[in-house]
$ cat model.pdb   # PDB, C-alpha atoms
MODEL        1
ATOM      1  CA  MET A   1       7.769  24.531  14.817  1.00  0.00           C
ATOM      2  CA  ALA A   2      10.621  24.353  12.346  1.00  0.00           C
ATOM      3  CA  ILE A   3      12.901  21.333  12.286  1.00  0.00           C
ATOM      4  CA  ASN A   4      16.535  21.850  11.390  1.00  0.00           C
ATOM      5  CA  ILE A   5      16.989  18.769   9.229  1.00  0.00           C
ATOM      6  CA  GLU A   6      20.695  19.490   8.794  1.00  0.00           C
ATOM      7  CA  LYS A   7      21.254  18.316  12.379  1.00  0.00           C
ATOM      8  CA  LEU A   8      19.388  15.011  11.928  1.00  0.00           C
ATOM      9  CA  SER A   9      21.297  11.764  11.489  1.00  0.00           C
ATOM     10  CA  PHE A  10      20.862   9.584   8.424  1.00  0.00           C
ATOM     11  CA  SER A  11      18.526   7.171  10.231  1.00  0.00           C
ATOM     12  CA  GLU A  12      16.489  10.071  11.612  1.00  0.00           C
ATOM     13  CA  LEU A  13      16.166  11.527   8.093  1.00  0.00           C
ATOM     14  CA  VAL A  14      15.023   8.170   6.715  1.00  0.00           C
ATOM     15  CA  GLN A  15      12.425   7.873   9.491  1.00  0.00           C
ATOM     16  CA  LEU A  16      11.292  11.451   8.870  1.00  0.00           C
ATOM     17  CA  GLN A  17      10.878  10.634   5.172  1.00  0.00           C
ATOM     18  CA  LYS A  18       8.759   7.564   5.976  1.00  0.00           C
ATOM     19  CA  ASP A  19       6.635   9.486   8.478  1.00  0.00           C
ATOM     20  CA  ALA A  20       6.152  12.314   5.984  1.00  0.00           C
ATOM     21  CA  ALA A  21       5.060   9.884   3.256  1.00  0.00           C
ATOM     22  CA  VAL A  22       2.433   8.349   5.558  1.00  0.00           C
ATOM     23  CA  LEU A  23       1.187  11.770   6.625  1.00  0.00           C
ATOM     24  CA  ILE A  24       1.043  12.997   3.010  1.00  0.00           C
ATOM     25  CA  LYS A  25      -1.175  10.028   2.023  1.00  0.00           C
ATOM     26  CA  LYS A  26      -3.439  10.619   5.021  1.00  0.00           C
ATOM     27  CA  LYS A  27      -3.824  14.339   4.305  1.00  0.00           C
ATOM     28  CA  GLU A  28      -4.343  13.717   0.580  1.00  0.00           C
ATOM     29  CA  LYS A  29      -7.209  11.328   1.341  1.00  0.00           C
ATOM     30  CA  ALA A  30      -8.780  13.788   3.789  1.00  0.00           C
ATOM     31  CA  GLU A  31      -8.571  16.648   1.284  1.00  0.00           C
ATOM     32  CA  LYS A  32     -10.150  14.515  -1.436  1.00  0.00           C
ATOM     33  CA  VAL A  33     -13.025  13.597   0.879  1.00  0.00           C
ATOM     34  CA  GLU A  34     -13.547  17.255   1.796  1.00  0.00           C
ATOM     35  CA  LEU A  35     -13.392  18.370  -1.837  1.00  0.00           C
ATOM     36  CA  ARG A  36     -15.892  15.703  -2.886  1.00  0.00           C
ATOM     37  CA  LYS A  37     -18.302  16.906  -0.186  1.00  0.00           C
ATOM     38  CA  LYS A  38     -17.988  20.475  -1.459  1.00  0.00           C
ATOM     39  CA  MET A  39     -18.527  19.354  -5.060  1.00  0.00           C
ATOM     40  CA  GLU A  40     -21.564  17.259  -4.102  1.00  0.00           C
ATOM     41  CA  ALA A  41     -23.059  20.226  -2.248  1.00  0.00           C
ATOM     42  CA  LEU A  42     -22.459  22.533  -5.216  1.00  0.00           C
ATOM     43  CA  ALA A  43     -24.012  20.037  -7.627  1.00  0.00           C
ATOM     44  CA  GLU A  44     -27.019  19.555  -5.341  1.00  0.00           C
ATOM     45  CA  LYS A  45     -27.447  23.322  -5.029  1.00  0.00           C
ATOM     46  CA  SER A  46     -27.656  23.437  -8.840  1.00  0.00           C
ATOM     47  CA  GLY A  47     -30.195  20.610  -8.962  1.00  0.00           C
ATOM     48  CA  PHE A  48     -27.882  17.807 -10.049  1.00  0.00           C
ATOM     49  CA  THR A  49     -26.179  14.840  -8.483  1.00  0.00           C
ATOM     50  CA  PHE A  50     -22.414  14.705  -8.398  1.00  0.00           C
ATOM     51  CA  GLU A  51     -22.474  11.593 -10.606  1.00  0.00           C
ATOM     52  CA  GLU A  52     -24.561  13.422 -13.234  1.00  0.00           C
ATOM     53  CA  ILE A  53     -21.952  16.168 -13.359  1.00  0.00           C
ATOM     54  CA  ILE A  54     -18.880  13.984 -13.639  1.00  0.00           C
ATOM     55  CA  THR A  55     -20.402  11.730 -16.306  1.00  0.00           C
ATOM     56  CA  SER A  56     -22.054  14.456 -18.397  1.00  0.00           C
ATOM     57  CA  GLY A  57     -19.024  15.255 -20.556  1.00  0.00           C
ATOM     58  CA  LYS A  58     -17.951  11.687 -21.199  1.00  0.00           C
ATOM     59  CA  THR A  59     -18.482  10.056 -24.558  1.00  0.00           C
ATOM     60  CA  SER A  60     -19.102   6.355 -24.651  1.00  0.00           C
ATOM     61  CA  LYS A  61     -16.502   5.347 -27.221  1.00  0.00           C
ATOM     62  CA  LYS A  62     -14.672   6.967 -30.063  1.00  0.00           C
ATOM     63  CA  ALA A  63     -15.951   6.006 -33.476  1.00  0.00           C
ATOM     64  CA  LYS A  64     -13.803   3.401 -35.138  1.00  0.00           C
ATOM     65  CA  VAL A  65     -12.002   4.770 -38.169  1.00  0.00           C
ATOM     66  CA  LYS A  66     -12.439   2.792 -41.366  1.00  0.00           C
ATOM     67  CA  PRO A  67      -9.295   1.504 -43.067  1.00  0.00           C
ATOM     68  CA  LYS A  68      -8.074   3.611 -45.960  1.00  0.00           C
ATOM     69  CA  TYR A  69      -5.268   1.424 -47.277  1.00  0.00           C
ATOM     70  CA  ALA A  70      -4.891  -2.325 -47.800  1.00  0.00           C
ATOM     71  CA  ASN A  71      -1.900  -4.529 -48.489  1.00  0.00           C
ATOM     72  CA  PRO A  72      -2.235  -5.783 -52.085  1.00  0.00           C
ATOM     73  CA  LYS A  73      -0.423  -9.010 -51.150  1.00  0.00           C
ATOM     74  CA  ASP A  74      -2.610  -9.625 -48.074  1.00  0.00           C
ATOM     75  CA  PRO A  75      -5.920  -7.688 -48.075  1.00  0.00           C
ATOM     76  CA  THR A  76      -6.504  -8.589 -44.421  1.00  0.00           C
ATOM     77  CA  GLN A  77      -3.735  -6.138 -43.521  1.00  0.00           C
ATOM     78  CA  THR A  78      -5.181  -2.650 -43.514  1.00  0.00           C
ATOM     79  CA  TRP A  79      -4.221   0.807 -42.289  1.00  0.00           C
ATOM     80  CA  THR A  80      -6.382   3.838 -41.497  1.00  0.00           C
ATOM     81  CA  GLY A  81      -3.713   6.310 -42.566  1.00  0.00           C
ATOM     82  CA  ARG A  82      -3.318   7.517 -38.995  1.00  0.00           C
ATOM     83  CA  GLY A  83      -0.318   7.002 -36.784  1.00  0.00           C
ATOM     84  CA  ARG A  84       2.873   5.214 -37.699  1.00  0.00           C
ATOM     85  CA  LYS A  85       2.929   3.435 -41.054  1.00  0.00           C
ATOM     86  CA  PRO A  86       2.809  -0.358 -40.749  1.00  0.00           C
ATOM     87  CA  LYS A  87       5.833  -2.297 -41.987  1.00  0.00           C
ATOM     88  CA  TRP A  88       3.941  -3.550 -45.013  1.00  0.00           C
ATOM     89  CA  VAL A  89       3.217   0.057 -46.073  1.00  0.00           C
ATOM     90  CA  GLU A  90       6.869   1.007 -45.595  1.00  0.00           C
ATOM     91  CA  ALA A  91       7.923  -2.032 -47.655  1.00  0.00           C
ATOM     92  CA  GLU A  92       5.517  -1.164 -50.469  1.00  0.00           C
ATOM     93  CA  LEU A  93       6.626   2.468 -50.552  1.00  0.00           C
ATOM     94  CA  SER A  94      10.324   1.548 -50.534  1.00  0.00           C
ATOM     95  CA  SER A  95       9.733  -0.836 -53.466  1.00  0.00           C
ATOM     96  CA  GLY A  96       8.402   2.070 -55.514  1.00  0.00           C
ATOM     97  CA  THR A  97       4.653   1.640 -54.994  1.00  0.00           C
ATOM     98  CA  ASP A  98       2.730   4.906 -54.763  1.00  0.00           C
ATOM     99  CA  ILE A  99       0.617   5.341 -51.627  1.00  0.00           C
ATOM    100  CA  ASP A 100      -2.438   5.954 -53.811  1.00  0.00           C
ATOM    101  CA  ASP A 101      -2.057   2.426 -55.241  1.00  0.00           C
ATOM    102  CA  LEU A 102      -2.786   1.073 -51.742  1.00  0.00           C
ATOM    103  CA  LEU A 103      -6.106   2.881 -51.383  1.00  0.00           C
ATOM    104  CA  ILE A 104      -9.114   0.674 -50.762  1.00  0.00           C
TER     105      ILE A 104
ENDMDL
END

$ encode --input "model.pdb" --output "structure tokens"
Amino acid sequence: MAINIEKLSFSELVQLQKDAAVLIKKKEKAEKVELRKKMEALAEKSGFTFEEIITSGKTSKKAKVKPKYANPKDPTQTWTGRGRKPKWVEAELSSGTDIDDLLI
């Protein structure tokens, strides 16, 4: 059953859009439930629980990187050397300080 949407009025198109959005959510939920059942059955067939499978590759937390550089004017301000340079590093470098002079 094909609908010729060109012939629909504006209000009919808006209603169709709303109805489609509701139906999409409903079908998405149903597909997720069905997929989870299939995944649980596959995990069980292999001797595992679904929860064991989905949590097996997770790491608890990334290791915290130690600071590599410190602000000579305020040693509480540090930088690991990763990501964007802090303003204090930019200020030191623009004043002629070598990056190696900021090493901890």

$ atom_distance --input "model.pdb" --atom1 "CA of Met39 in chain A" --atom2 "CA of Val22 in chain A"
25.9 Å

$ resolve_selection --input "model.pdb" --expression "the PyMOL selection byres ((chain A and resi 96-100) around 12)" --output "list of chain:residue names"
A:Lys68, A:Tyr69, A:Ala70, A:Asn71, A:Pro72, A:Trp79, A:Gly81, A:Lys85, A:Trp88, A:Val89, A:Glu90, A:Ala91, A:Glu92, A:Leu93, A:Ser94, A:Ser95, A:Asp101, A:Leu102, A:Leu103, A:Ile104

$ write_last_selection --input "model.pdb" --atoms "C-alpha atoms" --output "PDB file, keeping the file's coordinate frame"
ATOM      1  CA  LYS A  68      -8.074   3.611 -45.960  1.00  0.00           C
ATOM      2  CA  TYR A  69      -5.268   1.424 -47.277  1.00  0.00           C
ATOM      3  CA  ALA A  70      -4.891  -2.325 -47.800  1.00  0.00           C
ATOM      4  CA  ASN A  71      -1.900  -4.529 -48.489  1.00  0.00           C
ATOM      5  CA  PRO A  72      -2.235  -5.783 -52.085  1.00  0.00           C
ATOM      6  CA  TRP A  79      -4.221   0.807 -42.289  1.00  0.00           C
ATOM      7  CA  GLY A  81      -3.713   6.310 -42.566  1.00  0.00           C
ATOM      8  CA  LYS A  85       2.929   3.435 -41.054  1.00  0.00           C
ATOM      9  CA  TRP A  88       3.941  -3.550 -45.013  1.00  0.00           C
ATOM     10  CA  VAL A  89       3.217   0.057 -46.073  1.00  0.00           C
ATOM     11  CA  GLU A  90       6.869   1.007 -45.595  1.00  0.00           C
ATOM     12  CA  ALA A  91       7.923  -2.032 -47.655  1.00  0.00           C
ATOM     13  CA  GLU A  92       5.517  -1.164 -50.469  1.00  0.00           C
ATOM     14  CA  LEU A  93       6.626   2.468 -50.552  1.00  0.00           C
ATOM     15  CA  SER A  94      10.324   1.548 -50.534  1.00  0.00           C
ATOM     16  CA  SER A  95       9.733  -0.836 -53.466  1.00  0.00           C
ATOM     17  CA  ASP A 101      -2.057   2.426 -55.241  1.00  0.00           C
ATOM     18  CA  LEU A 102      -2.786   1.073 -51.742  1.00  0.00           C
ATOM     19  CA  LEU A 103      -6.106   2.881 -51.383  1.00  0.00           C
ATOM     20  CA  ILE A 104      -9.114   0.674 -50.762  1.00  0.00           C
TER      21      ILE A 104
END

$ atom_distance --input "model.pdb" --atom1 "CA of Gly57 in chain A" --atom2 "CA of Ala41 in chain A"
19.4 Å

$ axis_aligned_box --input "model.pdb" --around "range 68-81 of chain A" --padding-each-side "6 Å" --output "JSON"
{"center_x": -4.2, "center_y": -1.7, "center_z": -46.8, "size_x": 19.7, "size_y": 27.9, "size_z": 22.6}

$ atom_distance --input "model.pdb" --atom1 "CA of Phe48 in chain A" --atom2 "CA of Leu35 in chain A"
16.7 Å

$ build_atoms --input "model.pdb" --residues "range 12-35 of chain A" --atoms "N, CA and C atoms" --output "PDB file, in the coordinates of the input"
ATOM      1  N   GLU A  12      17.585   9.178  11.257  1.00  0.00           N
ATOM      2  CA  GLU A  12      16.489  10.071  11.612  1.00  0.00           C
ATOM      3  C   GLU A  12      15.852  10.677  10.357  1.00  0.00           C
ATOM      4  N   LEU A  13      16.691  10.993   9.356  1.00  0.00           N
ATOM      5  CA  LEU A  13      16.166  11.527   8.093  1.00  0.00           C
ATOM      6  C   LEU A  13      15.315  10.489   7.372  1.00  0.00           C
ATOM      7  N   VAL A  14      15.785   9.244   7.363  1.00  0.00           N
ATOM      8  CA  VAL A  14      15.023   8.170   6.715  1.00  0.00           C
ATOM      9  C   VAL A  14      13.679   7.995   7.411  1.00  0.00           C
ATOM     10  N   GLN A  15      13.680   8.009   8.742  1.00  0.00           N
ATOM     11  CA  GLN A  15      12.425   7.873   9.491  1.00  0.00           C
ATOM     12  C   GLN A  15      11.504   9.056   9.228  1.00  0.00           C
ATOM     13  N   LEU A  16      12.076  10.252   9.168  1.00  0.00           N
ATOM     14  CA  LEU A  16      11.292  11.451   8.870  1.00  0.00           C
ATOM     15  C   LEU A  16      10.638  11.337   7.493  1.00  0.00           C
ATOM     16  N   GLN A  17      11.395  10.811   6.534  1.00  0.00           N
ATOM     17  CA  GLN A  17      10.878  10.634   5.172  1.00  0.00           C
ATOM     18  C   GLN A  17       9.698   9.654   5.182  1.00  0.00           C
ATOM     19  N   LYS A  18       9.845   8.554   5.901  1.00  0.00           N
ATOM     20  CA  LYS A  18       8.759   7.564   5.976  1.00  0.00           C
ATOM     21  C   LYS A  18       7.518   8.166   6.643  1.00  0.00           C
ATOM     22  N   ASP A  19       7.755   8.866   7.760  1.00  0.00           N
ATOM     23  CA  ASP A  19       6.635   9.486   8.478  1.00  0.00           C
ATOM     24  C   ASP A  19       5.934  10.522   7.602  1.00  0.00           C
ATOM     25  N   ALA A  20       6.727  11.292   6.861  1.00  0.00           N
ATOM     26  CA  ALA A  20       6.152  12.314   5.984  1.00  0.00           C
ATOM     27  C   ALA A  20       5.316  11.668   4.882  1.00  0.00           C
ATOM     28  N   ALA A  21       5.799  10.560   4.319  1.00  0.00           N
ATOM     29  CA  ALA A  21       5.060   9.884   3.256  1.00  0.00           C
ATOM     30  C   ALA A  21       3.704   9.392   3.761  1.00  0.00           C
ATOM     31  N   VAL A  22       3.683   8.832   4.968  1.00  0.00           N
ATOM     32  CA  VAL A  22       2.433   8.349   5.558  1.00  0.00           C
ATOM     33  C   VAL A  22       1.477   9.521   5.793  1.00  0.00           C
ATOM     34  N   LEU A  23       2.011  10.602   6.340  1.00  0.00           N
ATOM     35  CA  LEU A  23       1.187  11.770   6.625  1.00  0.00           C
ATOM     36  C   LEU A  23       0.650  12.412   5.345  1.00  0.00           C
ATOM     37  N   ILE A  24       1.471  12.434   4.301  1.00  0.00           N
ATOM     38  CA  ILE A  24       1.043  12.997   3.010  1.00  0.00           C
ATOM     39  C   ILE A  24      -0.143  12.202   2.473  1.00  0.00           C
ATOM     40  N   LYS A  25      -0.070  10.876   2.503  1.00  0.00           N
ATOM     41  CA  LYS A  25      -1.175  10.028   2.023  1.00  0.00           C
ATOM     42  C   LYS A  25      -2.451  10.297   2.824  1.00  0.00           C
ATOM     43  N   LYS A  26      -2.292  10.398   4.142  1.00  0.00           N
ATOM     44  CA  LYS A  26      -3.439  10.619   5.021  1.00  0.00           C
ATOM     45  C   LYS A  26      -4.094  11.964   4.722  1.00  0.00           C
ATOM     46  N   LYS A  27      -3.289  13.003   4.577  1.00  0.00           N
ATOM     47  CA  LYS A  27      -3.824  14.339   4.305  1.00  0.00           C
ATOM     48  C   LYS A  27      -4.427  14.424   2.904  1.00  0.00           C
ATOM     49  N   GLU A  28      -3.804  13.737   1.940  1.00  0.00           N
ATOM     50  CA  GLU A  28      -4.343  13.717   0.580  1.00  0.00           C
ATOM     51  C   GLU A  28      -5.745  13.109   0.575  1.00  0.00           C
ATOM     52  N   LYS A  29      -5.900  11.990   1.272  1.00  0.00           N
ATOM     53  CA  LYS A  29      -7.209  11.328   1.341  1.00  0.00           C
ATOM     54  C   LYS A  29      -8.244  12.242   1.990  1.00  0.00           C
ATOM     55  N   ALA A  30      -7.856  12.896   3.085  1.00  0.00           N
ATOM     56  CA  ALA A  30      -8.780  13.788   3.789  1.00  0.00           C
ATOM     57  C   ALA A  30      -9.188  14.964   2.902  1.00  0.00           C
ATOM     58  N   GLU A  31      -8.245  15.524   2.168  1.00  0.00           N
ATOM     59  CA  GLU A  31      -8.571  16.648   1.284  1.00  0.00           C
ATOM     60  C   GLU A  31      -9.491  16.222   0.151  1.00  0.00           C
ATOM     61  N   LYS A  32      -9.274  15.021  -0.375  1.00  0.00           N
ATOM     62  CA  LYS A  32     -10.150  14.515  -1.436  1.00  0.00           C
ATOM     63  C   LYS A  32     -11.575  14.330  -0.925  1.00  0.00           C
ATOM     64  N   VAL A  33     -11.701  13.789   0.282  1.00  0.00           N
ATOM     65  CA  VAL A  33     -13.025  13.597   0.879  1.00  0.00           C
ATOM     66  C   VAL A  33     -13.712  14.950   1.050  1.00  0.00           C
ATOM     67  N   GLU A  34     -12.979  15.923   1.578  1.00  0.00           N
ATOM     68  CA  GLU A  34     -13.547  17.255   1.796  1.00  0.00           C
ATOM     69  C   GLU A  34     -13.941  17.907   0.471  1.00  0.00           C
ATOM     70  N   LEU A  35     -13.091  17.789  -0.528  1.00  0.00           N
ATOM     71  CA  LEU A  35     -13.392  18.370  -1.837  1.00  0.00           C
ATOM     72  C   LEU A  35     -14.618  17.711  -2.458  1.00  0.00           C
TER      73      LEU A  35
END
